[in-house]
$ cat structure_8.txt   # compact mmCIF, C-alpha atoms
# COMPACT_ATOMS: atom_id res chain seq x y z
CA MET E 1 -7.96 -4.87 13.59
CA ASN E 2 -4.43 -6.20 13.64
CA TRP E 3 -2.06 -3.91 11.71
CA TYR E 4 0.56 -6.55 11.01
CA GLY E 5 2.15 -8.39 8.12
CA VAL E 6 2.15 -7.73 4.39
CA LEU E 7 -0.77 -5.61 3.22
CA PRO E 8 -0.77 -4.93 -0.52
CA ALA E 9 -1.60 -1.47 -1.78
CA ILE E 10 -3.64 -3.16 -4.48
CA THR E 11 -3.57 -1.80 -8.01
CA THR E 12 -6.81 -0.94 -9.78
CA ALA E 13 -7.31 -3.05 -12.89
CA PHE E 14 -8.83 -1.49 -16.00
CA ASP E 15 -10.28 -3.12 -19.10
CA ALA E 16 -9.46 -2.12 -22.66
CA GLN E 17 -11.83 0.86 -22.39
CA LEU E 18 -10.16 1.91 -19.11
CA ARG E 19 -13.22 1.01 -17.10
CA VAL E 20 -12.68 -0.60 -13.70
CA ASP E 21 -12.29 -4.38 -14.11
CA HIS E 22 -14.06 -5.67 -11.02
CA GLU E 23 -13.76 -9.31 -12.01
CA PHE E 24 -9.99 -9.12 -12.09
CA ILE E 25 -9.77 -7.01 -8.90
CA ALA E 26 -11.68 -9.73 -7.05
CA GLU E 27 -9.48 -12.47 -8.52
CA HIS E 28 -6.33 -10.51 -7.72
CA ALA E 29 -7.39 -9.85 -4.11
CA ARG E 30 -8.15 -13.52 -3.50
CA TRP E 31 -4.79 -14.53 -5.01
CA LEU E 32 -2.89 -12.11 -2.78
CA VAL E 33 -4.60 -13.49 0.31
CA ASP E 34 -4.05 -17.08 -0.84
CA ASN E 35 -0.33 -16.28 -0.88
CA GLY E 36 -0.16 -15.03 2.70
CA CYS E 37 -1.09 -11.35 2.63
CA THR E 38 -2.82 -10.19 5.81
CA GLY E 39 -5.00 -7.39 4.43
CA ILE E 40 -5.80 -5.38 1.31
CA VAL E 41 -5.41 -1.59 1.01
CA ALA E 42 -7.56 -0.22 -1.81
CA LEU E 43 -7.80 3.22 -3.49
CA GLY E 44 -4.28 4.36 -2.61
CA SER E 45 -1.76 6.11 -4.82
CA LEU E 46 -0.78 2.81 -6.40
CA GLY E 47 -4.48 2.14 -6.87
CA GLU E 48 -4.74 5.37 -8.90
CA GLY E 49 -7.29 6.68 -6.44
CA ALA E 50 -6.99 10.23 -7.74
CA THR E 51 -8.28 9.12 -11.17
CA LEU E 52 -11.33 7.34 -9.77
CA GLU E 53 -14.81 8.80 -9.52
CA PHE E 54 -16.52 8.61 -6.15
CA ALA E 55 -18.95 5.94 -7.34
CA GLU E 56 -16.04 3.88 -8.66
CA LYS E 57 -14.30 4.07 -5.30
CA LYS E 58 -17.37 2.76 -3.50
CA ALA E 59 -17.77 -0.05 -6.01
CA ILE E 60 -14.10 -1.10 -5.69
CA LEU E 61 -14.42 -1.29 -1.92
CA GLU E 62 -17.51 -3.46 -2.29
CA THR E 63 -15.65 -5.75 -4.69
CA CYS E 64 -12.70 -6.17 -2.34
CA VAL E 65 -14.93 -6.82 0.67
CA LYS E 66 -16.96 -9.45 -1.21
CA ALA E 67 -13.82 -11.10 -2.58
CA ALA E 68 -11.64 -11.24 0.53
CA GLY E 69 -13.27 -9.36 3.40
CA ALA E 70 -14.28 -12.55 5.19
CA ARG E 71 -10.63 -13.64 5.33
CA VAL E 72 -8.63 -10.44 5.86
CA PRO E 73 -9.44 -6.80 6.62
CA ILE E 74 -10.07 -4.47 3.70
CA ILE E 75 -8.63 -1.00 4.30
CA ALA E 76 -9.81 2.05 2.37
CA ALA E 77 -7.31 4.75 1.51
CA ILE E 78 -8.96 8.09 2.27
CA SER E 79 -7.57 10.89 0.14
CA SER E 80 -9.19 13.88 -1.51
CA LEU E 81 -8.87 17.60 -2.08
CA ARG E 82 -11.70 18.45 0.30
CA THR E 83 -12.04 17.34 3.89
CA SER E 84 -15.78 16.82 3.41
CA ASP E 85 -15.11 14.34 0.59
CA SER E 86 -12.68 12.42 2.78
CA VAL E 87 -15.23 12.25 5.59
CA GLU E 88 -17.92 11.02 3.19
CA LEU E 89 -15.66 8.32 1.75
CA ALA E 90 -14.70 7.16 5.25
CA LYS E 91 -18.38 6.72 6.10
CA GLU E 92 -19.01 4.87 2.85
CA ALA E 93 -16.08 2.56 3.57
CA ALA E 94 -17.55 1.68 6.94
CA ALA E 95 -20.96 1.07 5.41
CA ARG E 96 -19.49 -1.31 2.85
CA GLY E 97 -17.71 -3.52 5.37
CA CYS E 98 -14.17 -2.15 5.44
CA GLN E 99 -12.37 -2.75 8.72
CA GLY E 100 -9.81 0.03 8.53
CA LEU E 101 -8.90 3.36 7.00
CA MET E 102 -5.57 4.62 5.70
CA VAL E 103 -5.84 8.37 6.24
CA LEU E 104 -3.88 10.71 3.99
CA PRO E 105 -3.46 14.48 4.07
CA PRO E 106 -5.24 16.35 1.28
CA TYR E 107 -3.23 16.20 -1.91
CA VAL E 108 -2.15 19.32 -3.85
CA TYR E 109 -2.66 21.69 -0.89
CA ARG E 110 0.25 21.60 1.54
CA GLY E 111 -1.15 23.11 4.70
CA ASP E 112 0.44 23.76 8.06
CA TRP E 113 0.15 21.52 11.10
CA LEU E 114 -3.04 23.17 12.36
CA GLU E 115 -4.78 22.56 9.03
CA MET E 116 -3.46 19.05 8.53
CA LYS E 117 -4.41 18.08 12.07
CA ALA E 118 -7.93 19.35 11.53
CA HIS E 119 -8.21 17.39 8.29
CA VAL E 120 -7.12 14.01 9.63
CA THR E 121 -9.03 14.56 12.86
CA ALA E 122 -12.24 14.95 10.87
CA VAL E 123 -11.59 11.60 9.18
CA PHE E 124 -10.67 9.82 12.41
CA ARG E 125 -13.93 11.03 13.97
CA ALA E 126 -16.07 10.15 10.96
CA THR E 127 -16.31 6.47 11.93
CA LYS E 128 -15.27 4.03 14.63
CA LEU E 129 -13.02 2.16 12.21
CA SER E 130 -9.41 1.48 13.08
CA CYS E 131 -7.22 4.11 11.41
CA MET E 132 -3.68 4.27 10.09
CA LEU E 133 -2.11 7.67 9.48
CA TYR E 134 -0.16 7.82 6.22
CA ASN E 135 2.99 9.93 6.37
CA ASN E 136 4.55 10.49 2.95
CA PRO E 137 6.22 13.91 2.80
CA VAL E 138 8.01 13.02 -0.44
CA SER E 139 4.79 12.60 -2.41
CA TYR E 140 2.31 14.77 -0.52
CA GLY E 141 4.46 17.56 0.90
CA THR E 142 3.02 17.12 4.39
CA ASP E 143 5.34 15.70 7.01
CA PHE E 144 3.73 14.40 10.19
CA LEU E 145 6.60 14.68 12.66
CA PRO E 146 6.97 12.15 15.48
CA GLU E 147 5.85 14.71 18.07
CA GLN E 148 2.74 15.46 16.03
CA ILE E 149 1.99 11.76 15.64
CA ARG E 150 2.24 11.43 19.41
CA GLU E 151 -0.27 14.25 19.79
CA LEU E 152 -2.71 12.60 17.41
CA ALA E 153 -2.32 9.24 19.15
CA SER E 154 -3.11 10.82 22.51
CA GLU E 155 -6.33 12.35 21.19
CA HIS E 156 -7.78 9.56 19.03
CA GLU E 157 -8.41 6.11 20.42
CA ASN E 158 -9.10 4.66 16.98
CA LEU E 159 -5.72 5.74 15.62
CA HIS E 160 -3.86 2.45 15.80
CA ALA E 161 -1.08 2.62 13.23
CA VAL E 162 1.13 4.82 11.08
CA LYS E 163 2.40 4.10 7.61
CA GLU E 164 5.86 5.65 7.55
CA SER E 165 7.01 6.56 4.05
CA SER E 166 9.44 9.38 4.72
CA THR E 167 12.24 7.05 3.46
CA ASP E 168 14.08 7.77 6.75
CA VAL E 169 14.19 4.60 8.84
CA ARG E 170 15.17 6.73 11.83
CA ARG E 171 11.57 7.89 11.94
CA VAL E 172 10.55 4.41 13.07
CA THR E 173 12.83 4.56 16.09
CA ALA E 174 11.88 8.19 16.78
CA ILE E 175 8.16 7.35 16.90
CA ARG E 176 8.77 4.32 19.10
CA ALA E 177 10.94 6.37 21.45
CA LEU E 178 8.06 8.80 22.00
CA ILE E 179 5.08 6.45 22.23
CA GLY E 180 6.46 2.94 22.63
CA GLU E 181 4.06 0.40 21.16
CA ARG E 182 1.00 2.65 21.26
CA LEU E 183 0.92 2.60 17.44
CA ALA E 184 1.85 -0.16 15.05
CA ILE E 185 4.41 1.17 12.57
CA LEU E 186 4.24 -0.07 9.00
CA VAL E 187 6.79 0.58 6.27
CA GLY E 188 5.43 2.18 3.10
CA VAL E 189 8.60 2.19 0.99
CA ASP E 190 9.37 -1.15 -0.63
CA ASP E 191 13.15 -0.87 -0.61
CA ALA E 192 13.32 -0.05 3.11
CA ILE E 193 11.34 -2.97 4.51
CA VAL E 194 14.18 -5.00 6.04
CA GLU E 195 15.72 -1.90 7.62
CA GLY E 196 12.31 -0.76 8.86
CA ILE E 197 11.60 -4.07 10.55
CA GLY E 198 15.03 -3.94 12.14
CA ALA E 199 14.04 -0.58 13.64
CA GLY E 200 10.75 -1.89 14.99
CA ALA E 201 8.16 -1.85 12.19
CA VAL E 202 5.61 -4.68 12.28
CA GLY E 203 3.97 -4.34 8.89
CA TRP E 204 4.50 -3.53 5.23
CA ILE E 205 2.14 -1.64 2.94
CA ALA E 206 3.71 -3.13 -0.17
CA GLY E 207 3.74 -2.42 -3.90
CA LEU E 208 5.61 -5.16 -5.76
CA VAL E 209 3.60 -7.66 -3.76
CA ASN E 210 0.96 -7.17 -6.47
CA ALA E 211 3.11 -9.38 -8.70
CA PHE E 212 5.28 -11.24 -6.17
CA PRO E 213 3.19 -11.96 -3.06
CA ARG E 214 4.96 -15.12 -1.96
CA GLU E 215 8.40 -13.54 -2.12
CA SER E 216 7.09 -10.46 -0.29
CA VAL E 217 5.60 -12.55 2.50
CA ASP E 218 8.76 -14.67 2.75
CA LEU E 219 10.93 -11.55 2.98
CA PHE E 220 8.74 -10.04 5.68
CA GLU E 221 8.68 -13.24 7.72
CA TYR E 222 12.43 -13.79 7.48
CA ALA E 223 13.04 -10.22 8.64
CA ILE E 224 10.50 -10.27 11.46
CA ARG E 225 11.91 -13.57 12.77
CA GLY E 226 15.45 -12.24 12.64
CA GLU E 227 16.61 -14.75 10.00
CA LYS E 228 19.09 -12.27 8.62
CA GLU E 229 20.93 -14.47 6.15
CA LYS E 230 17.73 -15.65 4.48
CA ALA E 231 16.27 -12.13 4.55
CA PHE E 232 19.25 -10.47 2.89
CA GLU E 233 19.67 -13.22 0.31
CA LEU E 234 16.08 -12.70 -0.82
CA TYR E 235 16.36 -8.92 -0.43
CA ARG E 236 19.35 -8.73 -2.77
CA TRP E 237 17.38 -10.50 -5.47
CA PHE E 238 14.26 -8.40 -4.87
CA LEU E 239 15.80 -4.92 -4.60
CA PRO E 240 15.96 -4.04 -8.32
CA LEU E 241 12.23 -4.67 -8.48
CA LEU E 242 11.44 -3.03 -5.15
CA ARG E 243 13.18 0.16 -6.28
CA MET E 244 10.49 0.52 -8.96
CA ASP E 245 8.19 1.51 -6.09
CA THR E 246 10.26 4.62 -5.34
CA VAL E 247 10.17 6.54 -8.65
CA PRO E 248 7.55 8.86 -10.16
CA LYS E 249 6.26 6.20 -12.56
CA PHE E 250 5.89 3.55 -9.88
CA VAL E 251 2.28 2.85 -10.87
CA GLN E 252 3.17 2.19 -14.51
CA LEU E 253 6.18 0.08 -13.57
CA ILE E 254 4.43 -2.08 -10.99
CA LYS E 255 1.55 -2.71 -13.38
CA LEU E 256 4.09 -3.62 -16.04
CA VAL E 257 5.64 -6.14 -13.66
CA GLN E 258 2.18 -7.60 -13.09
CA GLN E 259 1.67 -7.95 -16.82
CA GLU E 260 5.09 -9.52 -17.40
CA THR E 261 4.47 -12.07 -14.64
CA GLY E 262 1.00 -12.96 -15.91
CA MET E 263 -1.06 -11.36 -13.16
CA GLY E 264 -2.52 -8.17 -14.53
CA SER E 265 -2.31 -5.55 -17.22
CA ALA E 266 -0.09 -2.52 -17.73
CA ARG E 267 -3.12 -0.31 -18.43
CA VAL E 268 -3.21 2.97 -16.52
CA ARG E 269 -5.55 5.94 -16.63
CA PRO E 270 -4.41 9.28 -18.02
CA PRO E 271 -2.68 11.49 -17.26
CA ARG E 272 -0.48 8.45 -16.76
CA LEU E 273 0.63 6.63 -19.89
CA GLU E 274 2.26 3.23 -20.17
CA VAL E 275 6.04 3.32 -20.39
CA THR E 276 7.48 2.99 -23.91
CA GLY E 277 10.75 2.99 -25.82
CA GLU E 278 14.00 2.81 -23.90
CA GLU E 279 12.20 3.19 -20.58
CA LEU E 280 10.14 0.09 -21.35
CA ALA E 281 13.20 -1.83 -22.54
CA GLN E 282 15.12 -1.04 -19.36
CA ALA E 283 12.23 -2.05 -17.15
CA ARG E 284 11.71 -5.31 -19.02
CA ALA E 285 15.41 -6.10 -18.69
CA VAL E 286 15.17 -5.76 -14.90
CA ILE E 287 12.04 -7.90 -14.82
CA ARG E 288 13.56 -10.54 -17.10
CA GLN E 289 16.69 -10.76 -14.96
CA ALA E 290 14.56 -11.14 -11.84
CA LEU E 291 12.47 -13.91 -13.36
CA GLU E 292 15.50 -15.76 -14.64
CA SER E 293 17.16 -15.67 -11.21
CA ARG E 294 13.98 -16.04 -9.16
CA PRO E 295 14.84 -17.90 -5.95
CA LYS E 296 12.98 -20.94 -4.78
CA SER E 297 10.14 -20.03 -2.49
CA ARG E 298 7.44 -21.84 -0.67
CA SER E 299 4.72 -23.00 -3.02
CA THR E 300 3.12 -20.04 -4.75
CA THR E 301 -0.51 -20.31 -5.65
CA SER E 302 -0.84 -20.39 -9.42
CA GLN E 303 -1.29 -17.11 -11.21
CA ALA E 304 -4.20 -16.51 -13.51
CA GLN E 305 -3.16 -15.42 -16.98
CA ARG E 306 -4.82 -12.10 -17.74
CA ALA E 307 -4.14 -9.42 -20.31
$ encode --input "structure_8.txt" --output "structure tokens"
Amino acid sequence: MNWYGVLPAITTAFDAQLRVDHEFIAEHARWLVDNGCTGIVALGSLGEGATLEFAEKKAILETCVKAAGARVPIIAAISSLRTSDSVELAKEAAARGCQGLMVLPPYVYRGDWLEMKAHVTAVFRATKLSCMLYNNPVSYGTDFLPEQIRELASEHENLHAVKESSTDVRRVTAIRALIGERLAILVGVDDAIVEGIGAGAVGWIAGLVNAFPRESVDLFEYAIRGEKEKAFELYRWFLPLLRMDTVPKFVQLIKLVQQETGMGSARVRPPRLEVTGEELAQARAVIRQALESRPKSRSTTSQAQRA
């Protein structure tokens, strides 16, 4: 598959009883693709994958594939406590029509390089699907260094990309210096996308795209084409929202933005709780300011009003 463009880390919608809302997930996925997104990443951190039962994960992948899999690749985020669970989910993703895997280290346990290499290797070998390694030392405590990424790339033909979320844009240039264009590098931190593209990234695993797909696609395309003035004008407007992707309550905040823009609900599964009080007021002020000053963009496909 082609690891390029804006690929939403899609949120998982829940109904009033906090059951997975498959109807809305399908609608949301189609809307994101209609507005220029080039793939859908399901079950990630933003998708509250850690709160989902295994059967729910399989069903969500099926929903995404049926809704948009004929138009763009559906990528399954593979994350679990046990390597065997990750391997099983990878196989289920392949069986359900996913075209790629986003491979994470095991959460909670922060192993050494030998252990982490063994874990991701098991997932890479579980299927023939195209794989993207997810490096997020801030959230997961495991840092895949550029030299280690080079080692993995040399040993696994189906490792085609890396999602770089260390927040250090220098990592993009460091990886490229070691392996050239062997791997596609995608930015996984919303407020570093323009800088990441400037350093050589070719894709964006995005968060706020769940509410603002057209602006996200425009920003990516301006940056990738080197239209700096247009990119930074849009970036300045977008940054207060994009920074919501970089804080501990990023899931709650991004879902709140979806709700305030009419494309989703703020519902989250415990242990997360919706933001309240002053925290809610501050977030709504940022969202309101963004909506009031929203720049003109190419025609955005109409949003469905959901609560």
$ closest_residue --input "structure_8.txt" --among "E:Glu260, E:Glu181, E:Pro271, E:Ala266" --to "Ala285 of chain E" --atoms "all atoms listed in the file"
E:Glu260
$ closest_residue --input "structure_8.txt" --among "E:Leu183, E:Val120, E:Ala42, E:Ala29" --to "Lys66 of chain E" --atoms "all atoms listed in the file"
E:Ala29
$ closest_atom_pairs --input "structure_8.txt" --of "segment 114-191 of chain E" --to "segment 220-234 of chain E" --cutoff "12 Å" --atoms "all atoms listed in the file" --output "Markdown table"
| residue | atom | partner | partner_atom | distance |
| --- | --- | --- | --- | --- |
| E:Leu186 | CA | E:Phe220 | CA | 11.4 |
| E:Val187 | CA | E:Phe220 | CA | 10.8 |
| E:Asp190 | CA | E:Phe220 | CA | 10.9 |
| E:Asp191 | CA | E:Phe232 | CA | 11.9 |
$ residues_around --input "structure_8.txt" --residues "Leu253 of chain E" --least-positions-apart "5" --cutoff "12 Å" --atoms "only C-alpha atoms" --output "PDB file with C-alpha atoms, keeping the file's coordinate frame"
ATOM      1  CA  THR E  11      -3.570  -1.800  -8.010  1.00  0.00           C
ATOM      2  CA  LEU E  46      -0.780   2.810  -6.400  1.00  0.00           C
ATOM      3  CA  GLY E 207       3.740  -2.420  -3.900  1.00  0.00           C
ATOM      4  CA  LEU E 208       5.610  -5.160  -5.760  1.00  0.00           C
ATOM      5  CA  ASN E 210       0.960  -7.170  -6.470  1.00  0.00           C
ATOM      6  CA  ALA E 211       3.110  -9.380  -8.700  1.00  0.00           C
ATOM      7  CA  PRO E 240      15.960  -4.040  -8.320  1.00  0.00           C
ATOM      8  CA  LEU E 241      12.230  -4.670  -8.480  1.00  0.00           C
ATOM      9  CA  LEU E 242      11.440  -3.030  -5.150  1.00  0.00           C
ATOM     10  CA  ARG E 243      13.180   0.160  -6.280  1.00  0.00           C
ATOM     11  CA  MET E 244      10.490   0.520  -8.960  1.00  0.00           C
ATOM     12  CA  ASP E 245       8.190   1.510  -6.090  1.00  0.00           C
ATOM     13  CA  THR E 246      10.260   4.620  -5.340  1.00  0.00           C
ATOM     14  CA  VAL E 247      10.170   6.540  -8.650  1.00  0.00           C
ATOM     15  CA  PRO E 248       7.550   8.860 -10.160  1.00  0.00           C
ATOM     16  CA  GLN E 258       2.180  -7.600 -13.090  1.00  0.00           C
ATOM     17  CA  GLN E 259       1.670  -7.950 -16.820  1.00  0.00           C
ATOM     18  CA  GLU E 260       5.090  -9.520 -17.400  1.00  0.00           C
ATOM     19  CA  SER E 265      -2.310  -5.550 -17.220  1.00  0.00           C
ATOM     20  CA  ALA E 266      -0.090  -2.520 -17.730  1.00  0.00           C
ATOM     21  CA  ARG E 267      -3.120  -0.310 -18.430  1.00  0.00           C
ATOM     22  CA  VAL E 268      -3.210   2.970 -16.520  1.00  0.00           C
ATOM     23  CA  ARG E 272      -0.480   8.450 -16.760  1.00  0.00           C
ATOM     24  CA  LEU E 273       0.630   6.630 -19.890  1.00  0.00           C
ATOM     25  CA  GLU E 274       2.260   3.230 -20.170  1.00  0.00           C
ATOM     26  CA  VAL E 275       6.040   3.320 -20.390  1.00  0.00           C
ATOM     27  CA  THR E 276       7.480   2.990 -23.910  1.00  0.00           C
ATOM     28  CA  GLU E 279      12.200   3.190 -20.580  1.00  0.00           C
ATOM     29  CA  LEU E 280      10.140   0.090 -21.350  1.00  0.00           C
ATOM     30  CA  ALA E 281      13.200  -1.830 -22.540  1.00  0.00           C
ATOM     31  CA  GLN E 282      15.120  -1.040 -19.360  1.00  0.00           C
ATOM     32  CA  ALA E 283      12.230  -2.050 -17.150  1.00  0.00           C
ATOM     33  CA  ARG E 284      11.710  -5.310 -19.020  1.00  0.00           C
ATOM     34  CA  VAL E 286      15.170  -5.760 -14.900  1.00  0.00           C
ATOM     35  CA  ILE E 287      12.040  -7.900 -14.820  1.00  0.00           C
TER      36      ILE E 287
END
$ atom_distance --input "structure_8.txt" --atom1 "atom CA of Ala26 of chain E" --atom2 "atom CA of Ala192 of chain E"
28.7 Å
$ atom_distance --input "structure_8.txt" --atom1 "atom CA of Glu292 of chain E" --atom2 "atom CA of Leu256 of chain E"
16.7 Å
$ atom_distance --input "structure_8.txt" --atom1 "atom CA of Gly39 of chain E" --atom2 "atom CA of Arg71 of chain E"
8.5 Å
$ axis_aligned_box --input "structure_8.txt" --around "segment 113-118 of chain E" --padding-each-side "5 Å" --output "lines of an AutoDock Vina configuration file"
center_x = -3.9
center_y = 20.6
center_z = 10.4
size_x = 18.1
size_y = 15.1
size_z = 13.8
$ closest_residue --input "structure_8.txt" --among "E:Arg269, E:Arg150, E:Glu278, E:Phe54" --to "Thr12 of chain E" --atoms "all atoms listed in the file"
E:Arg269
$ residues_around --input "structure_8.txt" --residues "Ala174 of chain E" --least-positions-apart "3" --cutoff "12 Å" --atoms "all atoms listed in the file" --output "PyMOL selection string"
chain E and resi 145-150+164+168-171+177-181+185+196+199-201
$ residues_around --input "structure_8.txt" --residues "segment 83-100 of chain E" --least-positions-apart "5" --cutoff "7 Å" --atoms "only C-alpha atoms" --output "list in words"
Met1, Lys58, Leu61, Glu62, Val65, Pro73, Ile74, Ile75, Ala76, Ile78, His119, Ala122, Val123, Ala126, Thr127, Leu129, Ser130 and Cys131 of chain E
$ residues_near_point --input "structure_8.txt" --point "(7.5, -13.7, -1.5)" --cutoff "10 Å" --atoms "all atoms listed in the file" --output "VMD selection string"
chain E and resid 6 35 to 37 208 to 209 211 to 221 234 238 295 to 300
$ closest_residue --input "structure_8.txt" --among "E:Leu114, E:Val251, E:Ala50, E:Ile25" --to "Thr63 of chain E" --atoms "only C-alpha atoms"
E:Ile25
$ closest_residue --input "structure_8.txt" --among "E:Ala290, E:Gly277, E:Pro137, E:Gly262" --to "His28 of chain E" --atoms "only C-alpha atoms"
E:Gly262
